[in-house]
Amino acid sequence: MTTSATDAPQVRDALAAQTIELPSWAFGNSGTRFKVFSTPGVPRDPFEKIADVAQVHAYTGAAPRVSLHIPWDLVDDISTLAAHAGDLGVQIGAINSNLFQDEDYKLGSLTHPDAAIRAKAIDHHKQCIDVMRATGSTDLKLWLPDGTNYPGQDDIRGRQDRLADSLQQIYAELDPNHRLILEYKFFEPYFYTMDIPDWGTSLVHCLALGDQASVVLDTGHHAPGTNIEFIVAQLLRLGKLGAFDFNSRFYADDDLIVGAADPFQLFRIMNEIVSADALRPDSGVNFMLDQCHNIEPKIQGQIRSVMNVQEATAKALLVDREALRAAQFAGDVLGANALLMDAYNTDVRPLLAEVRAAKGLAEDPIAAFIASGYQDTIAAERVGGQQAGWGA
C-alpha cells in the first residue's frame, strides 16, 4: 500500500464523516443465559443510558445516534428523552420493538395462530411508531423471535401468511418518511423453524411491503461458514440493505465486540460497502452496533467497537479500486487477492489518529476516556435504584 493512498483527501473525508449508531441496551447489565454480571455505574434509567452514549460520541466523534428499545426505554414523556439526547449532542436513531418477553408470545407474536395475540403484537408496533413521531426517529426495526421447536407444531406456510398480514398492517401505519427495517436470524430462540430465518425470507416480505421496507443484516445471525459479504453485495445491488447490526461471535449469537472473532470478515464486509459507494451518509444504510457487554466495561466496550469498525472501514477505503478492476478483468487471481490483502495488512491506526486530531479529538479515545474519570464518577454517583438491564 502506497503512502499516497493513506494521504488521499477522499479517504480522510470518508472516515471523518462515518457515523455508527449505538444501542441503548449495551450500556445496561446483560449477558448469557447463565449469569448477568453487574457493573458499578450502570445506568438506572434511559436518561443515564443516553449520557453514556454521549461519552462514546465525545471521544470517537462517530456515534451521534442512539437506538432505543421499547418498552425498555419508555419514559413518561418520550419527547423529553429526545430533548435530553439533543442537549448532549446525540439524537434518537432506530426504534426497536420487543416481541420476546411477553407471556402471550410463547407460541408466536406476529405469527401466532390466535388473531387476538397477533393484534396485540401489531398494536405494540403502533406504539413504537408513536415513539418515532415523538423523537424524530425514522426507522422502526423489527426482529421477530417467532418460530417452532418441533415438526408439526404449527403450519409453516400458514405462519408465513399470518406474518405477511401482520407486517402489512404495521407497514400501513408508517409515515411517508418512515422505514420498516426487518431483521433475520437463522436460529434461536426456536430450533426447528424460525419465521424469518434468513435474508431471503426477510427480502421476500420487504419486497411485498414496498419501498419503505428494507432488510437488516446482523453479522451474528448466520450459520457457520456463511459468506456474509455476498449477502451484503446482493442486498446493496437490489437497494434493499437498510441497516447493519454489527457484533461478533465465535459459535452462536454471542454479541461480542465487533471484529473480535474475525476482523478479516469485518474488512471483507466493509470492502463491499465501500465498493458499492454505500458508506455515504445518504446511502440509506444505517450502521449500528448490537452488542451486550457482560464482563467488559460498557462504555469502553462501545468505544472499542466503534474503533474496530473505523479500522476495517479505513482499510477498505485504501483498496486500489482501479488496480483491482484491472486485475479482475485480466484474470489475475493472485494479483487481485494481493491488492485486498495489502489494504487489509496496512496499519491504519496512525491515519485514524490523524483524522481524530483534525476533528479536535484525542488520538486514543480509550485512553482519553479513562483519563477523564467519568467511569469513577458514575460508579460513585449511581448508587441506589434499579440498574438497567434486560427488561429494565
# chains A, B, ... in the order shown; residues from 1 in each chain; ligands from 1

call {"tool": "select_by_dssp", "arguments": {"residues": "region 194-298 of chain A", "states": "strand (DSSP E)", "output": "number ranges by chain"}}
result
A: 194, 213-218, 241-246, 286-289

call {"tool": "write_last_selection", "arguments": {"atoms": "C-alpha atoms", "output": "short mmCIF file (atom, residue, chain, number, x, y, z; two decimals), in the first residue's frame"}}
result
data_model
loop_
_atom_site.label_atom_id
_atom_site.label_comp_id
_atom_site.auth_asym_id
_atom_site.auth_seq_id
_atom_site.Cartn_x
_atom_site.Cartn_y
_atom_site.Cartn_z
CA MET A 194 -37.57 -19.52 12.68
CA ALA A 213 -39.18 -1.73 3.83
CA SER A 214 -35.58 -2.95 3.87
CA VAL A 215 -33.52 -5.79 5.31
CA VAL A 216 -31.43 -5.60 8.48
CA LEU A 217 -28.27 -7.70 8.47
CA ASP A 218 -26.90 -8.77 11.86
CA LEU A 241 -29.94 -3.22 2.64
CA GLY A 242 -31.44 -0.90 5.22
CA ALA A 243 -29.18 -1.43 8.20
CA PHE A 244 -26.34 -3.33 9.81
CA ASP A 245 -26.21 -4.71 13.32
CA PHE A 246 -22.50 -5.13 13.99
CA ASN A 286 -27.64 2.62 8.81
CA PHE A 287 -24.59 1.20 10.60
CA MET A 288 -25.26 0.21 14.20
CA LEU A 289 -23.66 -1.83 16.94
#

call {"tool": "select_by_dssp", "arguments": {"residues": "region 122-196 of chain A", "states": "alpha helix (DSSP H)", "output": "VMD selection string"}}
result
chain A and resid 122 to 135 156 to 171

call {"tool": "write_last_selection", "arguments": {"atoms": "N, CA, C and O atoms", "output": "compact mmCIF listing (two decimals), in the first residue's frame"}}
result
# COMPACT_ATOMS: atom_id res chain seq x y z
N ILE A 122 -49.24 -6.30 16.89
CA ILE A 122 -49.35 -5.20 15.93
C ILE A 122 -49.53 -3.87 16.65
O ILE A 122 -48.90 -2.86 16.30
N ASP A 123 -50.36 -3.87 17.70
CA ASP A 123 -50.58 -2.64 18.47
C ASP A 123 -49.29 -2.17 19.13
O ASP A 123 -49.06 -0.96 19.26
N HIS A 124 -48.44 -3.12 19.55
CA HIS A 124 -47.15 -2.73 20.13
C HIS A 124 -46.32 -1.95 19.11
O HIS A 124 -45.65 -0.97 19.45
N HIS A 125 -46.38 -2.35 17.85
CA HIS A 125 -45.62 -1.64 16.83
C HIS A 125 -46.24 -0.28 16.52
O HIS A 125 -45.52 0.67 16.18
N LYS A 126 -47.53 -0.16 16.66
CA LYS A 126 -48.15 1.16 16.53
C LYS A 126 -47.65 2.09 17.64
O LYS A 126 -47.41 3.28 17.41
N GLN A 127 -47.47 1.53 18.84
CA GLN A 127 -46.90 2.31 19.94
C GLN A 127 -45.47 2.75 19.60
O GLN A 127 -45.09 3.90 19.85
N CYS A 128 -44.70 1.85 18.99
CA CYS A 128 -43.33 2.19 18.59
C CYS A 128 -43.32 3.30 17.54
O CYS A 128 -42.45 4.19 17.57
N ILE A 129 -44.28 3.27 16.64
CA ILE A 129 -44.37 4.33 15.62
C ILE A 129 -44.71 5.66 16.27
O ILE A 129 -44.19 6.72 15.87
N ASP A 130 -45.55 5.65 17.31
CA ASP A 130 -45.82 6.87 18.06
C ASP A 130 -44.54 7.41 18.70
O ASP A 130 -44.31 8.63 18.74
N VAL A 131 -43.71 6.50 19.21
CA VAL A 131 -42.42 6.90 19.78
C VAL A 131 -41.55 7.53 18.71
O VAL A 131 -40.86 8.54 18.94
N MET A 132 -41.57 6.96 17.51
CA MET A 132 -40.80 7.53 16.40
C MET A 132 -41.23 8.96 16.13
O MET A 132 -40.40 9.85 15.95
N ARG A 133 -42.51 9.18 16.10
CA ARG A 133 -43.03 10.53 15.82
C ARG A 133 -42.60 11.52 16.90
O ARG A 133 -42.27 12.67 16.62
N ALA A 134 -42.58 11.05 18.15
CA ALA A 134 -42.26 11.94 19.27
C ALA A 134 -40.77 12.23 19.38
O ALA A 134 -40.38 13.25 19.96
N THR A 135 -39.94 11.36 18.83
CA THR A 135 -38.49 11.51 18.97
C THR A 135 -37.79 11.93 17.69
O THR A 135 -36.59 12.22 17.72
N ILE A 156 -46.13 -24.30 8.74
CA ILE A 156 -45.04 -23.40 8.34
C ILE A 156 -45.55 -22.34 7.36
O ILE A 156 -45.29 -21.14 7.51
N ARG A 157 -46.27 -22.78 6.34
CA ARG A 157 -46.78 -21.82 5.35
C ARG A 157 -47.81 -20.89 5.97
O ARG A 157 -47.83 -19.69 5.69
N GLY A 158 -48.65 -21.45 6.84
CA GLY A 158 -49.66 -20.62 7.49
C GLY A 158 -49.04 -19.51 8.33
O GLY A 158 -49.55 -18.39 8.38
N ARG A 159 -47.95 -19.81 8.99
CA ARG A 159 -47.26 -18.80 9.79
C ARG A 159 -46.71 -17.68 8.89
O ARG A 159 -46.73 -16.50 9.27
N GLN A 160 -46.23 -18.03 7.70
CA GLN A 160 -45.77 -17.01 6.77
C GLN A 160 -46.91 -16.12 6.29
O GLN A 160 -46.76 -14.91 6.13
N ASP A 161 -48.07 -16.73 6.07
CA ASP A 161 -49.24 -15.94 5.66
C ASP A 161 -49.66 -14.97 6.76
O ASP A 161 -49.97 -13.81 6.49
N ARG A 162 -49.66 -15.46 8.00
CA ARG A 162 -50.02 -14.59 9.12
C ARG A 162 -49.00 -13.46 9.28
O ARG A 162 -49.36 -12.31 9.55
N LEU A 163 -47.73 -13.80 9.11
CA LEU A 163 -46.68 -12.80 9.22
C LEU A 163 -46.85 -11.72 8.15
O LEU A 163 -46.74 -10.52 8.45
N ALA A 164 -47.11 -12.14 6.94
CA ALA A 164 -47.28 -11.18 5.85
C ALA A 164 -48.43 -10.21 6.15
O ALA A 164 -48.32 -8.99 5.92
N ASP A 165 -49.51 -10.75 6.67
CA ASP A 165 -50.67 -9.92 7.01
C ASP A 165 -50.34 -8.96 8.16
O ASP A 165 -50.68 -7.77 8.11
N SER A 166 -49.66 -9.45 9.18
CA SER A 166 -49.29 -8.61 10.33
C SER A 166 -48.35 -7.49 9.89
O SER A 166 -48.52 -6.32 10.29
N LEU A 167 -47.36 -7.83 9.09
CA LEU A 167 -46.42 -6.82 8.62
C LEU A 167 -47.11 -5.76 7.78
O LEU A 167 -46.78 -4.56 7.86
N GLN A 168 -48.06 -6.18 6.97
CA GLN A 168 -48.77 -5.22 6.13
C GLN A 168 -49.55 -4.22 6.98
O GLN A 168 -49.59 -3.02 6.67
N GLN A 169 -50.14 -4.71 8.07
CA GLN A 169 -50.88 -3.81 8.96
C GLN A 169 -49.95 -2.81 9.64
O GLN A 169 -50.29 -1.63 9.81
N ILE A 170 -48.76 -3.26 10.03
CA ILE A 170 -47.78 -2.36 10.64
C ILE A 170 -47.27 -1.35 9.61
O ILE A 170 -47.20 -0.15 9.88
N TYR A 171 -46.95 -1.84 8.44
CA TYR A 171 -46.42 -1.00 7.35
C TYR A 171 -47.41 0.11 7.00
O TYR A 171 -47.00 1.24 6.70

call {"tool": "atom_distance", "arguments": {"atom1": "CA of Arg382 (chain A)", "atom2": "CA of Asp254 (chain A)"}}
result
27.9 Å

call {"tool": "closest_residue", "arguments": {"among": "A:Asp87, A:Asp277, A:Glu296, A:Glu229", "to": "Ile257 (chain A)", "atoms": "only C-alpha atoms"}}
result
A:Glu296

call {"tool": "atom_distance", "arguments": {"atom1": "CA of Asn149 (chain A)", "atom2": "CA of Ala115 (chain A)"}}
result
20.9 Å

call {"tool": "residues_around", "arguments": {"residues": "region 334-344 of chain A", "least_positions_apart": "6", "cutoff": "10 Å", "atoms": "only C-alpha atoms", "output": "compact mmCIF listing (two decimals) with C-alpha atoms, in the first residue's frame"}}
result
# COMPACT_ATOMS: atom_id res chain seq x y z
CA MET A 1 0.00 0.00 0.00
CA THR A 2 1.48 3.29 -1.06
CA ALA A 5 -3.24 6.16 -0.62
CA PRO A 263 -11.58 -8.97 11.84
CA PHE A 264 -10.84 -10.06 8.28
CA PHE A 267 -12.93 -5.91 6.48
CA ARG A 268 -14.44 -8.00 3.68
CA ASN A 271 -14.96 -3.68 1.34
CA GLU A 311 -10.25 0.47 11.24
CA ALA A 312 -12.00 -2.02 8.95
CA THR A 313 -13.51 0.88 7.01
CA ALA A 314 -10.16 2.65 6.66
CA LYS A 315 -8.57 -0.49 5.24
CA ALA A 316 -11.45 -0.93 2.79
CA LEU A 317 -11.03 2.68 1.66
CA LEU A 318 -7.35 2.01 0.92
CA VAL A 319 -8.07 -0.71 -1.64
CA ASP A 320 -6.77 0.42 -5.03
CA ARG A 321 -10.07 0.03 -6.93
CA ALA A 323 -5.85 -1.72 -10.00
CA LEU A 324 -8.27 -4.25 -8.56
CA ARG A 325 -10.63 -3.95 -11.53
CA ALA A 326 -7.72 -4.30 -13.93
CA ALA A 327 -6.51 -7.45 -12.19
CA GLN A 328 -10.01 -8.91 -12.15

call {"tool": "atom_distance", "arguments": {"atom1": "CA of Glu363 (chain A)", "atom2": "CA of Asp52 (chain A)"}}
result
19.9 Å

call {"tool": "residues_around", "arguments": {"residues": "Lys49 (chain A)", "least_positions_apart": "4", "cutoff": "7 Å", "atoms": "only C-alpha atoms", "output": "JSON, numbers by chain"}}
result
{"A": [24, 27, 43, 45, 53]}

call {"tool": "residues_around", "arguments": {"residues": "Asn308 (chain A)", "least_positions_apart": "4", "cutoff": "8 Å", "atoms": "only C-alpha atoms", "output": "VMD selection string"}}
result
chain A and resid 258 to 259 304 312
